[in-house]
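K.L.:
Structure in structure tokens, see below.
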Amino acid sequence: MSVKEGKAKDVQEIASPKKDDSSVELLCKWQKKSFTLKLSKEHTIGKVRQMLADLTQVQPKRQKLIGLRLHKKKEHSSSSSESSSSSTTSISDNTKLAALSLRGGRKTKFMMVGVPEAEAVVDKDEKDLPEVLNDLDQDFNYDIEEALILKNAPENIAKMKEVAGQLTINIMNKPRKDKPLLVMDLDYTLFDMKSSAENFNELKRPFSDHFLKELYPYYDIIFWSQTSWKWLEIKLTELGFLTHPDYKICFVLDKTCMFSVSSMRKGRVRKHQVKSLGIIWSKFPQWSAKNTVHVDDLGRNFVMNPQSGLKIKAYKKAYKNRHRDKELLYLTEYLKLIATKDDFRTLEHENWQKYLLHSNEKKLLDS
């Protein structure tokens, strides 16, 4: 081979290097920073977490990764020994990057939420818990008679008093005089907790800020979520609910303020957590069933206070519904309509949409 031919060959090899199919580049966004991670497809999610911990001081147990998805072909695969011993449709620390849906030739973007260890608020229950204690997909809708039986059961009253006695509420913004109380759930009410996205705003329910801004002049607002405090704080912060200039949150309650009740459903004993408003009312006597409304996507959370509960349609599959969901837009108008009522117990919140429709029809007739 001539020197000329050799040089030509070298130039060709440099211009068209052999592509390394085993390498992966991930782009992680955290707060206002971005990090490029260069790994092998044989590396695991656990390795990704450790690299992020070294870069951000956010320990793996405090990290929540959003935007990474399993490759569709891998979701149903059970050929590997790993997938046979764990769920094939979820990502764990043992999941290899080769199993993810990666952007060929480009960096795969995802987001991490979490606070550095030095800044973290210590969870009240620092056990090995899942990232979010799911509200469960199964709901129980009680009629008034069933709910009253559970509400008045001595064991449930005792549990409520025990939780209330142990609870210290950290006030973020003082309650205002003569304002009714609006208790808001978070997961699936204002936030799609399961869908993947590159940032939290893509998972935020449409009109959430409009809803809270419009209702703040009428109500004091609190959040109550069946979530571990460390994740609840992160979600509320990332969604901007605690720092918005147009409304203020009075305080936040987490899963430790809930207790379980048992009932017979379809011949089987069912046990689930509840949000008993009596816990709040025992601390703030200006609020009661007369002036409190609790918005949640799960009707069973209302069992201790059935007349105060308003069940909202769950917000899921944000990637499909973020441009067409208007539930909060309509609910804003209903809650503004009833805000000046002397006694909310005279209302039937399960018929809130009919109430709103009737009110609008009446306005048209009167105009």
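Residues are named by chain letter and number: chains run A, B, ... in the order of the structure tokens, numbers start at 1 in each chain, and ligands are numbered from 1 in the order shown.
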Please identify all polymer residues within 10 Å of Val261 of chain A, counting only C-alpha atoms, omitting same-chain residues fewer than 6 positions from it, and present them as an MDAnalysis selection string.
P.N.:
chainID A and resid 150:151 153 155:156 159 270:274 303:304
K.L.:
Write the residues of the preceding selection, restricted to all heavy atoms, as a CSV table (one decimal), in the first residue's frame.
P.N.:
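Now in result-v4.csv:
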chain,number,residue,atom,x,y,z
A,150,LEU,N,-69.1,5.0,60.3
A,150,LEU,CA,-67.6,5.0,60.5
A,150,LEU,C,-67.2,6.3,61.3
A,150,LEU,O,-66.3,6.2,62.1
A,150,LEU,CB,-66.9,5.0,59.1
A,150,LEU,CG,-67.0,3.6,58.4
A,150,LEU,CD1,-66.3,3.8,57.0
A,150,LEU,CD2,-66.3,2.6,59.2
A,151,LYS,N,-67.9,7.4,60.9
A,151,LYS,CA,-67.5,8.7,61.6
A,151,LYS,C,-67.8,8.6,63.1
A,151,LYS,O,-67.0,9.1,63.9
A,151,LYS,CB,-68.3,9.8,61.0
A,151,LYS,CG,-68.1,11.1,61.7
A,151,LYS,CD,-69.0,12.2,61.0
A,151,LYS,CE,-68.8,13.5,61.8
A,151,LYS,NZ,-69.7,14.6,61.2
A,153,ALA,N,-68.0,5.8,65.0
A,153,ALA,CA,-67.4,4.6,65.6
A,153,ALA,C,-66.4,5.0,66.7
A,153,ALA,O,-65.5,5.8,66.4
A,153,ALA,CB,-66.7,3.7,64.6
A,155,GLU,N,-63.8,3.7,68.0
A,155,GLU,CA,-62.4,3.5,67.7
A,155,GLU,C,-61.9,4.5,66.8
A,155,GLU,O,-60.7,5.0,66.9
A,155,GLU,CB,-62.2,2.1,67.2
A,155,GLU,CG,-62.9,1.8,65.8
A,155,GLU,CD,-64.2,1.2,66.0
A,155,GLU,OE1,-64.9,1.4,67.0
A,155,GLU,OE2,-64.7,0.5,65.1
A,156,ASN,N,-62.7,5.0,65.8
A,156,ASN,CA,-62.3,6.0,64.9
A,156,ASN,C,-62.2,7.4,65.5
A,156,ASN,O,-61.3,8.2,65.2
A,156,ASN,CB,-63.2,6.1,63.7
A,156,ASN,CG,-63.1,4.8,62.8
A,156,ASN,OD1,-62.1,4.1,62.8
A,156,ASN,ND2,-64.1,4.5,62.1
A,159,LYS,N,-59.0,7.4,67.4
A,159,LYS,CA,-57.8,7.6,66.5
A,159,LYS,C,-57.7,9.1,66.1
A,159,LYS,O,-56.5,9.6,66.1
A,159,LYS,CB,-58.0,6.7,65.3
A,159,LYS,CG,-57.8,5.2,65.5
A,159,LYS,CD,-58.0,4.5,64.2
A,159,LYS,CE,-57.9,3.0,64.4
A,159,LYS,NZ,-58.2,2.3,63.1
A,270,ARG,N,-62.4,-4.0,54.2
A,270,ARG,CA,-61.5,-3.1,53.5
A,270,ARG,C,-60.9,-2.1,54.5
A,270,ARG,O,-61.6,-1.5,55.4
A,270,ARG,CB,-62.3,-2.3,52.5
A,270,ARG,CG,-62.9,-3.1,51.4
A,270,ARG,CD,-61.9,-3.7,50.5
A,270,ARG,NE,-62.5,-4.4,49.3
A,270,ARG,CZ,-61.9,-5.0,48.3
A,270,ARG,NH1,-60.6,-5.0,48.3
A,270,ARG,NH2,-62.5,-5.5,47.3
A,271,LYS,N,-59.6,-1.8,54.4
A,271,LYS,CA,-58.9,-0.9,55.3
A,271,LYS,C,-58.2,0.2,54.5
A,271,LYS,O,-57.6,-0.1,53.5
A,271,LYS,CB,-57.9,-1.6,56.2
A,271,LYS,CG,-57.3,-0.8,57.3
A,271,LYS,CD,-56.3,-1.7,58.1
A,271,LYS,CE,-55.7,-0.9,59.2
A,271,LYS,NZ,-54.8,-1.7,60.1
A,272,HIS,N,-58.4,1.4,54.8
A,272,HIS,CA,-57.8,2.5,54.1
A,272,HIS,C,-57.6,3.7,55.0
A,272,HIS,O,-58.2,3.9,56.0
A,272,HIS,CB,-58.7,2.9,52.8
A,272,HIS,CG,-60.0,3.4,53.2
A,272,HIS,ND1,-60.3,4.7,53.5
A,272,HIS,CD2,-61.2,2.7,53.2
A,272,HIS,CE1,-61.6,4.8,53.7
A,272,HIS,NE2,-62.2,3.7,53.6
A,273,GLN,N,-56.8,4.6,54.5
A,273,GLN,CA,-56.5,5.9,55.2
A,273,GLN,C,-57.6,6.9,55.0
A,273,GLN,O,-58.2,6.9,53.9
A,273,GLN,CB,-55.1,6.4,54.8
A,273,GLN,CG,-53.9,5.5,55.1
A,273,GLN,CD,-53.5,5.6,56.5
A,273,GLN,OE1,-53.1,6.6,57.0
A,273,GLN,NE2,-53.6,4.5,57.2
A,274,VAL,N,-57.7,7.8,55.9
A,274,VAL,CA,-58.7,8.9,55.8
A,274,VAL,C,-58.1,10.2,56.2
A,274,VAL,O,-57.1,10.3,57.0
A,274,VAL,CB,-60.0,8.6,56.6
A,274,VAL,CG1,-60.7,7.4,56.1
A,274,VAL,CG2,-59.7,8.5,58.1
A,303,VAL,N,-64.7,10.0,54.3
A,303,VAL,CA,-65.6,9.2,55.1
A,303,VAL,C,-65.9,9.8,56.5
A,303,VAL,O,-67.0,9.6,57.0
A,303,VAL,CB,-65.1,7.8,55.1
A,303,VAL,CG1,-63.9,7.6,56.0
A,303,VAL,CG2,-66.2,6.8,55.6
A,304,MET,N,-64.9,10.4,57.1
A,304,MET,CA,-65.1,11.0,58.4
A,304,MET,C,-65.9,12.4,58.3
A,304,MET,O,-66.4,12.9,59.3
A,304,MET,CB,-63.8,11.2,59.1
A,304,MET,CG,-63.1,9.9,59.4
A,304,MET,SD,-64.0,8.9,60.7
A,304,MET,CE,-63.7,9.8,62.2
K.L.:
DSSP on the backbone, then: every residue of segment 126-351 of chain A marked helix (DSSP H, G or I), written as a PyMOL selection string.
P.N.:
chain A and resi 144-152+154-166+200-202+208-215+229-238+255-257+278-283+299-302+306-308+318-321+327-338+344-346+349-351
K.L.:
Go through A:Arg62, A:Ile157, A:Pro180, A:Tyr247 one by one, measure the shortest atom-to-atom distance of each to Trp229 of chain A using only C-alpha atoms, and give the residue with the smallest value.
P.N.:
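Residue with the minimum atom-to-atom distance to Trp229 of chain A: A:Arg62.
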K.L.:
For atom CA of Val58 of chain A and atom CA of Val115 of chain A, quote the distance in Å rounded to one decimal.
P.N.:
5.6 Å
K.L.:
Do a neighbour search on Lys96 of chain A at 7 Å with only C-alpha atoms, toss out local chain neighbours closer than 3 positions, and write the hits as a list in words.
P.N.:
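That gives Lys41, Glu42, His43, Thr44, Ile45 and Ala99 of chain A.
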K.L.:
Output N, CA and C atoms for every residue in that selection, as a compact mmCIF listing (two decimals), in the first residue's frame.
P.N.:
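Saved as result_24.txt:
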# COMPACT_ATOMS: atom_id res chain seq x y z
N LYS A 41 -24.36 1.59 28.37
CA LYS A 41 -25.70 1.01 28.45
C LYS A 41 -25.80 -0.09 29.50
N GLU A 42 -24.63 -0.62 29.91
CA GLU A 42 -24.63 -1.66 30.93
C GLU A 42 -24.73 -1.08 32.33
N HIS A 43 -24.55 0.23 32.46
CA HIS A 43 -24.71 0.86 33.76
C HIS A 43 -26.19 0.87 34.16
N THR A 44 -26.43 1.03 35.43
CA THR A 44 -27.80 0.97 35.95
C THR A 44 -28.28 2.34 36.43
N ILE A 45 -29.58 2.40 36.74
CA ILE A 45 -30.14 3.62 37.31
C ILE A 45 -29.46 3.94 38.64
N ALA A 99 -32.24 -0.76 28.81
CA ALA A 99 -33.68 -1.04 28.82
C ALA A 99 -34.52 0.23 28.67
K.L.:
Closest to Asn201 of chain A among A:Ile149, A:Leu181, A:Leu239, A:Ile144, using only C-alpha atoms?
P.N.:
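Going through A:Ile149, A:Leu181, A:Leu239, A:Ile144 one by one, the smallest distance to Asn201 of chain A is for A:Leu239.
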K.L.:
Using only C-alpha atoms, pick whichever of A:Thr108, A:Pro116, A:Leu182, A:Gln59 has the shortest atom-to-atom distance to Leu27 of chain A.
P.N.:
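Looking only at the distances to Leu27 of chain A, the closest residue turns out to be A:Thr108.
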K.L.:
Between atom CA of His358 of chain A and atom CA of Lys326 of chain A, measure the distance and give it in Å to one decimal.
P.N.:
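So the two atoms, atom CA of His358 of chain A and atom CA of Lys326 of chain A, lie 18.5 Å apart.
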K.L.:
Could you give me, as an MDAnalysis selection string, the residues within 8 Å of segment 208-222 of chain A, counting only C-alpha atoms and dropping anything in the same chain fewer than 3 positions from it?
P.N.:
chainID A and resid 175:176 179:184 190 204:205 241 246:253 328:329 331:332 335:336 339
